[in-house]
>>> print(open('start-v8.txt').read())   # compact mmCIF, N, CA and C atoms
# COMPACT_ATOMS: atom_id res chain seq x y z
N MET A 1 31.59 -57.29 53.19
CA MET A 1 30.60 -56.37 53.64
C MET A 1 31.04 -54.93 53.55
N GLU A 2 32.22 -54.79 53.82
CA GLU A 2 32.77 -53.46 53.74
C GLU A 2 32.60 -52.90 52.33
N ASP A 3 32.70 -53.75 51.39
CA ASP A 3 32.54 -53.34 49.99
C ASP A 3 31.10 -52.89 49.72
N GLN A 4 30.16 -53.60 50.26
CA GLN A 4 28.77 -53.24 50.03
C GLN A 4 28.43 -51.94 50.76
N GLU A 5 28.97 -51.78 51.96
CA GLU A 5 28.74 -50.56 52.71
C GLU A 5 29.33 -49.36 51.97
N MET A 6 30.49 -49.57 51.43
CA MET A 6 31.15 -48.51 50.68
C MET A 6 30.33 -48.15 49.44
N GLN A 7 29.82 -49.15 48.78
CA GLN A 7 29.01 -48.89 47.59
C GLN A 7 27.73 -48.16 47.96
N LEU A 8 27.13 -48.53 49.09
CA LEU A 8 25.91 -47.87 49.54
C LEU A 8 26.20 -46.40 49.89
N LYS A 9 27.31 -46.14 50.55
CA LYS A 9 27.70 -44.77 50.90
C LYS A 9 27.99 -43.95 49.64
N VAL A 10 28.68 -44.58 48.71
CA VAL A 10 28.99 -43.89 47.45
C VAL A 10 27.69 -43.57 46.71
N LYS A 11 26.76 -44.51 46.71
CA LYS A 11 25.48 -44.29 46.03
C LYS A 11 24.73 -43.15 46.69
N ARG A 12 24.72 -43.09 48.03
CA ARG A 12 24.04 -42.01 48.74
C ARG A 12 24.71 -40.66 48.42
N VAL A 13 25.99 -40.64 48.42
CA VAL A 13 26.71 -39.39 48.12
C VAL A 13 26.42 -38.94 46.69
N THR A 14 26.47 -39.86 45.76
CA THR A 14 26.20 -39.47 44.37
C THR A 14 24.75 -39.04 44.19
N ASP A 15 23.83 -39.71 44.88
CA ASP A 15 22.42 -39.29 44.80
C ASP A 15 22.25 -37.88 45.37
N LYS A 16 22.86 -37.62 46.52
CA LYS A 16 22.78 -36.30 47.13
C LYS A 16 23.44 -35.24 46.23
N PHE A 17 24.57 -35.60 45.67
CA PHE A 17 25.27 -34.69 44.77
C PHE A 17 24.41 -34.38 43.54
N THR A 18 23.79 -35.42 42.97
CA THR A 18 22.92 -35.24 41.81
C THR A 18 21.73 -34.35 42.18
N GLU A 19 21.14 -34.60 43.34
CA GLU A 19 20.01 -33.80 43.77
C GLU A 19 20.43 -32.34 43.98
N SER A 20 21.59 -32.13 44.56
CA SER A 20 22.09 -30.77 44.78
C SER A 20 22.33 -30.05 43.45
N MET A 21 22.92 -30.77 42.51
CA MET A 21 23.15 -30.18 41.17
C MET A 21 21.82 -29.84 40.49
N TYR A 22 20.84 -30.70 40.65
CA TYR A 22 19.52 -30.46 40.06
C TYR A 22 18.89 -29.22 40.69
N VAL A 23 18.99 -29.11 42.00
CA VAL A 23 18.44 -27.94 42.69
C VAL A 23 19.17 -26.69 42.26
N LEU A 24 20.48 -26.76 42.20
CA LEU A 24 21.26 -25.59 41.79
C LEU A 24 20.95 -25.18 40.35
N ALA A 25 20.81 -26.18 39.49
CA ALA A 25 20.55 -25.89 38.08
C ALA A 25 19.17 -25.28 37.88
N ASN A 26 18.23 -25.62 38.75
CA ASN A 26 16.87 -25.11 38.61
C ASN A 26 16.50 -24.06 39.65
N GLU A 27 17.49 -23.50 40.29
CA GLU A 27 17.22 -22.47 41.27
C GLU A 27 16.69 -21.22 40.56
N PRO A 28 15.75 -20.51 41.14
CA PRO A 28 15.15 -19.34 40.49
C PRO A 28 16.18 -18.28 40.09
N SER A 29 17.16 -18.03 40.87
CA SER A 29 18.13 -16.99 40.51
C SER A 29 18.92 -17.41 39.27
N ILE A 30 19.23 -18.69 39.17
CA ILE A 30 19.94 -19.17 37.98
C ILE A 30 19.02 -19.13 36.77
N ALA A 31 17.76 -19.45 37.00
CA ALA A 31 16.80 -19.38 35.89
C ALA A 31 16.67 -17.95 35.39
N LEU A 32 16.63 -17.01 36.33
CA LEU A 32 16.56 -15.61 35.94
C LEU A 32 17.84 -15.17 35.22
N TYR A 33 18.96 -15.67 35.66
CA TYR A 33 20.23 -15.35 34.99
C TYR A 33 20.20 -15.88 33.56
N ARG A 34 19.75 -17.11 33.40
CA ARG A 34 19.68 -17.68 32.05
C ARG A 34 18.69 -16.91 31.18
N LEU A 35 17.59 -16.51 31.77
CA LEU A 35 16.61 -15.71 31.03
C LEU A 35 17.21 -14.37 30.61
N GLN A 36 17.97 -13.77 31.52
CA GLN A 36 18.63 -12.50 31.19
C GLN A 36 19.63 -12.69 30.06
N GLU A 37 20.39 -13.76 30.09
CA GLU A 37 21.33 -14.04 29.01
C GLU A 37 20.61 -14.19 27.68
N HIS A 38 19.52 -14.93 27.72
CA HIS A 38 18.76 -15.15 26.49
C HIS A 38 18.23 -13.82 25.94
N VAL A 39 17.68 -13.00 26.81
CA VAL A 39 17.14 -11.71 26.37
C VAL A 39 18.26 -10.84 25.82
N ARG A 40 19.40 -10.82 26.49
CA ARG A 40 20.53 -10.00 26.04
C ARG A 40 21.02 -10.44 24.66
N ARG A 41 21.00 -11.74 24.41
CA ARG A 41 21.46 -12.24 23.10
C ARG A 41 20.43 -11.98 22.01
N SER A 42 19.16 -12.17 22.33
CA SER A 42 18.14 -12.11 21.27
C SER A 42 17.54 -10.72 21.10
N LEU A 43 17.68 -9.83 22.05
CA LEU A 43 17.06 -8.51 21.97
C LEU A 43 17.53 -7.68 20.78
N PRO A 44 18.82 -7.58 20.48
CA PRO A 44 19.22 -6.77 19.31
C PRO A 44 18.59 -7.27 18.01
N GLU A 45 18.50 -8.57 17.86
CA GLU A 45 17.88 -9.12 16.65
C GLU A 45 16.39 -8.79 16.60
N LEU A 46 15.73 -8.87 17.76
CA LEU A 46 14.31 -8.52 17.82
C LEU A 46 14.08 -7.04 17.52
N VAL A 47 14.97 -6.19 18.01
CA VAL A 47 14.85 -4.75 17.73
C VAL A 47 15.02 -4.50 16.24
N GLN A 48 15.97 -5.19 15.63
CA GLN A 48 16.17 -5.03 14.19
C GLN A 48 14.94 -5.49 13.41
N HIS A 49 14.36 -6.60 13.83
CA HIS A 49 13.13 -7.08 13.17
C HIS A 49 11.99 -6.07 13.34
N LYS A 50 11.91 -5.47 14.52
CA LYS A 50 10.86 -4.49 14.76
C LYS A 50 11.03 -3.27 13.85
N THR A 51 12.25 -2.75 13.74
CA THR A 51 12.46 -1.59 12.88
C THR A 51 12.21 -1.94 11.41
N ASP A 52 12.60 -3.15 11.01
CA ASP A 52 12.31 -3.59 9.64
C ASP A 52 10.81 -3.64 9.39
N MET A 53 10.09 -4.20 10.34
CA MET A 53 8.63 -4.31 10.20
C MET A 53 7.98 -2.93 10.14
N GLN A 54 8.46 -1.99 10.96
CA GLN A 54 7.91 -0.64 10.92
C GLN A 54 8.18 0.02 9.58
N SER A 55 9.36 -0.19 9.04
CA SER A 55 9.70 0.36 7.73
C SER A 55 8.80 -0.24 6.66
N TRP A 56 8.63 -1.55 6.71
CA TRP A 56 7.76 -2.21 5.72
C TRP A 56 6.32 -1.75 5.87
N GLU A 57 5.90 -1.52 7.10
CA GLU A 57 4.53 -1.04 7.32
C GLU A 57 4.34 0.34 6.70
N GLU A 58 5.33 1.23 6.90
CA GLU A 58 5.24 2.56 6.30
C GLU A 58 5.19 2.48 4.78
N GLN A 59 6.04 1.64 4.20
CA GLN A 59 6.04 1.49 2.75
C GLN A 59 4.72 0.93 2.26
N SER A 60 4.20 -0.06 2.95
CA SER A 60 2.94 -0.66 2.51
C SER A 60 1.78 0.30 2.71
N GLN A 61 1.81 1.13 3.77
CA GLN A 61 0.76 2.12 3.95
C GLN A 61 0.78 3.14 2.81
N GLY A 62 1.99 3.53 2.40
CA GLY A 62 2.10 4.44 1.25
C GLY A 62 1.57 3.82 -0.02
N ALA A 63 1.89 2.55 -0.23
CA ALA A 63 1.40 1.85 -1.42
C ALA A 63 -0.11 1.69 -1.37
N ILE A 64 -0.65 1.39 -0.21
CA ILE A 64 -2.10 1.24 -0.06
C ILE A 64 -2.78 2.57 -0.37
N TYR A 65 -2.24 3.66 0.14
CA TYR A 65 -2.81 4.98 -0.14
C TYR A 65 -2.80 5.27 -1.63
N THR A 66 -1.68 4.95 -2.29
CA THR A 66 -1.57 5.19 -3.72
C THR A 66 -2.59 4.37 -4.49
N VAL A 67 -2.75 3.11 -4.13
CA VAL A 67 -3.71 2.24 -4.82
C VAL A 67 -5.13 2.72 -4.58
N GLU A 68 -5.45 3.11 -3.35
CA GLU A 68 -6.80 3.61 -3.07
C GLU A 68 -7.08 4.89 -3.85
N TYR A 69 -6.09 5.76 -3.94
CA TYR A 69 -6.25 7.00 -4.70
C TYR A 69 -6.47 6.70 -6.18
N ALA A 70 -5.70 5.75 -6.71
CA ALA A 70 -5.86 5.37 -8.11
C ALA A 70 -7.23 4.75 -8.35
N CYS A 71 -7.69 3.92 -7.43
CA CYS A 71 -9.02 3.31 -7.57
C CYS A 71 -10.11 4.37 -7.57
N SER A 72 -9.99 5.34 -6.68
CA SER A 72 -11.00 6.40 -6.65
C SER A 72 -10.96 7.22 -7.94
N ALA A 73 -9.76 7.43 -8.48
CA ALA A 73 -9.66 8.17 -9.75
C ALA A 73 -10.31 7.39 -10.88
N VAL A 74 -10.10 6.08 -10.91
CA VAL A 74 -10.72 5.26 -11.95
C VAL A 74 -12.23 5.25 -11.80
N LYS A 75 -12.72 5.15 -10.55
CA LYS A 75 -14.17 5.17 -10.32
C LYS A 75 -14.77 6.49 -10.76
N SER A 76 -14.08 7.60 -10.45
CA SER A 76 -14.61 8.90 -10.85
C SER A 76 -14.58 9.04 -12.37
N MET A 77 -13.58 8.43 -13.02
CA MET A 77 -13.56 8.46 -14.49
C MET A 77 -14.73 7.65 -15.04
N ALA A 78 -15.04 6.53 -14.42
CA ALA A 78 -16.17 5.73 -14.88
C ALA A 78 -17.46 6.48 -14.67
N ASN A 79 -17.57 7.21 -13.57
CA ASN A 79 -18.77 7.99 -13.30
C ASN A 79 -18.88 9.20 -14.22
N SER A 80 -17.77 9.65 -14.78
CA SER A 80 -17.79 10.83 -15.63
C SER A 80 -18.25 10.52 -17.06
N SER A 81 -18.52 9.26 -17.37
CA SER A 81 -18.98 8.94 -18.72
C SER A 81 -20.29 9.66 -19.03
N LEU A 82 -21.12 9.85 -18.02
CA LEU A 82 -22.36 10.60 -18.22
C LEU A 82 -22.05 12.02 -18.68
N TYR A 83 -21.08 12.65 -18.06
CA TYR A 83 -20.71 14.01 -18.44
C TYR A 83 -20.12 14.04 -19.85
N PHE A 84 -19.32 13.04 -20.19
CA PHE A 84 -18.75 13.01 -21.54
C PHE A 84 -19.86 12.81 -22.59
N LYS A 85 -20.84 12.00 -22.28
CA LYS A 85 -21.97 11.82 -23.20
C LYS A 85 -22.72 13.13 -23.37
N ASN A 86 -22.89 13.85 -22.28
CA ASN A 86 -23.56 15.14 -22.34
C ASN A 86 -22.74 16.12 -23.19
N ILE A 87 -21.42 16.15 -22.98
CA ILE A 87 -20.54 17.02 -23.77
C ILE A 87 -20.60 16.64 -25.24
N ASP A 88 -20.62 15.35 -25.52
CA ASP A 88 -20.71 14.88 -26.91
C ASP A 88 -22.00 15.38 -27.55
N GLY A 89 -23.11 15.25 -26.84
CA GLY A 89 -24.39 15.72 -27.38
C GLY A 89 -24.38 17.21 -27.63
N LEU A 90 -23.81 17.98 -26.69
CA LEU A 90 -23.75 19.43 -26.86
C LEU A 90 -22.85 19.83 -28.02
N LEU A 91 -21.72 19.11 -28.20
CA LEU A 91 -20.84 19.40 -29.34
C LEU A 91 -21.54 19.10 -30.65
N ARG A 92 -22.25 17.98 -30.71
CA ARG A 92 -22.99 17.65 -31.94
C ARG A 92 -24.05 18.70 -32.23
N GLN A 93 -24.72 19.16 -31.19
CA GLN A 93 -25.74 20.19 -31.36
C GLN A 93 -25.10 21.49 -31.83
N ALA A 94 -23.92 21.84 -31.27
CA ALA A 94 -23.23 23.07 -31.68
C ALA A 94 -22.78 22.97 -33.13
N ILE A 95 -22.28 21.80 -33.54
CA ILE A 95 -21.86 21.62 -34.94
C ILE A 95 -23.07 21.74 -35.87
N SER A 96 -24.17 21.16 -35.47
CA SER A 96 -25.39 21.24 -36.29
C SER A 96 -25.86 22.69 -36.42
N LEU A 97 -25.86 23.43 -35.30
CA LEU A 97 -26.27 24.84 -35.36
C LEU A 97 -25.32 25.66 -36.22
N LYS A 98 -24.00 25.38 -36.12
CA LYS A 98 -23.04 26.11 -36.94
C LYS A 98 -23.29 25.83 -38.42
N GLU A 99 -23.56 24.56 -38.74
CA GLU A 99 -23.84 24.23 -40.14
C GLU A 99 -25.12 24.92 -40.62
N GLN A 100 -26.12 25.00 -39.76
CA GLN A 100 -27.35 25.70 -40.12
C GLN A 100 -27.08 27.18 -40.35
N ILE A 101 -26.28 27.77 -39.47
CA ILE A 101 -25.95 29.19 -39.61
C ILE A 101 -25.13 29.41 -40.88
N SER A 102 -24.17 28.54 -41.13
CA SER A 102 -23.35 28.68 -42.33
C SER A 102 -24.21 28.54 -43.59
N SER A 103 -25.12 27.57 -43.59
CA SER A 103 -25.95 27.39 -44.78
C SER A 103 -26.92 28.55 -44.94
N SER A 104 -27.45 29.11 -43.85
CA SER A 104 -28.37 30.25 -43.98
C SER A 104 -27.62 31.49 -44.42
N GLN A 105 -26.37 31.65 -43.99
CA GLN A 105 -25.57 32.79 -44.44
C GLN A 105 -25.22 32.61 -45.92
N GLY A 106 -24.95 31.41 -46.32
CA GLY A 106 -24.65 31.15 -47.73
C GLY A 106 -25.87 31.44 -48.60
N ARG A 107 -27.06 31.08 -48.15
CA ARG A 107 -28.30 31.35 -48.90
C ARG A 107 -28.60 32.84 -48.92
N SER A 108 -28.34 33.52 -47.81
CA SER A 108 -28.63 34.97 -47.79
C SER A 108 -27.64 35.72 -48.68
N ALA A 109 -26.44 35.22 -48.84
CA ALA A 109 -25.48 35.85 -49.73
C ALA A 109 -25.86 35.59 -51.18
N GLU A 110 -26.46 34.46 -51.47
CA GLU A 110 -26.87 34.14 -52.84
C GLU A 110 -28.15 34.86 -53.21
N THR A 111 -29.03 35.11 -52.33
CA THR A 111 -30.33 35.70 -52.62
C THR A 111 -30.22 37.08 -53.25
N PRO A 112 -29.41 38.02 -52.76
CA PRO A 112 -29.34 39.32 -53.43
C PRO A 112 -28.72 39.22 -54.82
N ALA A 113 -27.85 38.35 -55.07
CA ALA A 113 -27.22 38.24 -56.38
C ALA A 113 -28.22 37.70 -57.39
N ASN A 114 -29.16 36.91 -56.97
CA ASN A 114 -30.14 36.32 -57.88
C ASN A 114 -31.30 37.28 -58.13
N ASN A 115 -31.50 38.25 -57.29
CA ASN A 115 -32.62 39.17 -57.46
C ASN A 115 -32.20 40.31 -58.40
N PRO A 116 -32.79 40.41 -59.58
CA PRO A 116 -32.37 41.46 -60.53
C PRO A 116 -32.82 42.85 -60.12
N ASN A 117 -33.80 43.01 -59.26
CA ASN A 117 -34.30 44.33 -58.87
C ASN A 117 -33.38 45.03 -57.89
N ASP A 118 -32.55 44.26 -57.19
CA ASP A 118 -31.63 44.85 -56.22
C ASP A 118 -30.45 45.46 -56.94
N THR A 119 -30.02 46.59 -56.49
CA THR A 119 -28.83 47.21 -57.05
C THR A 119 -27.65 46.87 -56.16
N PRO A 120 -26.54 46.61 -56.77
CA PRO A 120 -25.39 46.26 -55.95
C PRO A 120 -24.88 47.47 -55.18
N THR A 121 -24.47 47.25 -53.99
CA THR A 121 -23.98 48.34 -53.14
C THR A 121 -22.50 48.58 -53.36
N HIS A 122 -21.84 47.62 -53.91
CA HIS A 122 -20.41 47.80 -54.18
C HIS A 122 -20.09 47.10 -55.50
N THR A 123 -19.11 47.59 -56.12
CA THR A 123 -18.70 46.99 -57.40
C THR A 123 -17.41 46.29 -57.18
N SER A 124 -17.33 45.18 -57.82
CA SER A 124 -16.08 44.44 -57.70
C SER A 124 -15.31 44.61 -58.99
N VAL A 125 -14.06 44.82 -58.85
CA VAL A 125 -13.21 44.99 -60.01
C VAL A 125 -12.35 43.74 -60.11
N THR A 126 -12.40 43.15 -61.30
CA THR A 126 -11.58 42.00 -61.55
C THR A 126 -10.36 42.42 -62.33
N PRO A 127 -9.21 42.02 -61.96
CA PRO A 127 -8.03 42.42 -62.71
C PRO A 127 -8.01 41.79 -64.10
N PRO A 128 -7.48 42.55 -65.07
CA PRO A 128 -7.45 42.02 -66.44
C PRO A 128 -6.52 40.88 -66.65
>>> encode(input="start-v8.txt", output="C-alpha cells")
Amino acid sequence: MEDQEMQLKVKRVTDKFTESMYVLANEPSIALYRLQEHVRRSLPELVQHKTDMQSWEEQSQGAIYTVEYACSAVKSMANSSLYFKNIDGLLRQAISLKEQISSSQGRSAETPANNPNDTPTHTSVTPP
C-alpha cells in the first residue's frame, strides 16, 4: 500500500508541477517577453524590406511616368497626321504655283524674242 500511496503522491506532484509549468509558460508577461523577442529579431529585416519596397516604388513610379509621357507623345503624333496632310497639300500647291510662275516667266522671256517689231534693249556680245 505504501507503494500505491507513494505513486499517487508522485502523480499529484507531477500533475501540479506540469500545471505550474503550463501556467508559467503561458503567463502574459512571458508571452509579452516572447513577443518582444520576436519583434526585436524580425524588425530589422522588416525595415529593410520596407526601404526596398519604397525604392522599388519610386523606380516604378518613374518608369510609369516615362511610359505615360511616351504614350501621350505617340498619341499626339497620331493626331498630327491631319496637320501633316495639310502641310503636304500646301507644299504640293506651292510647287504647282512655282511651276506655273516659272513657266509663265519662261513664256514671257520667249515672247519678246519672237516678236520682230520689238527692238532689243540690250545687245549681247558673244565671244569669238
>>> atom_distance(input="start-v8.txt", atom1="atom CA of Asp52 of chain A", atom2="atom CA of Val39 of chain A")
19.2 Å
>>> atom_distance(input="start-v8.txt", atom1="atom CA of Thr51 of chain A", atom2="atom CA of His38 of chain A")
20.2 Å
>>> atom_distance(input="start-v8.txt", atom1="atom CA of Val10 of chain A", atom2="atom CA of Ala25 of chain A")
22.0 Å
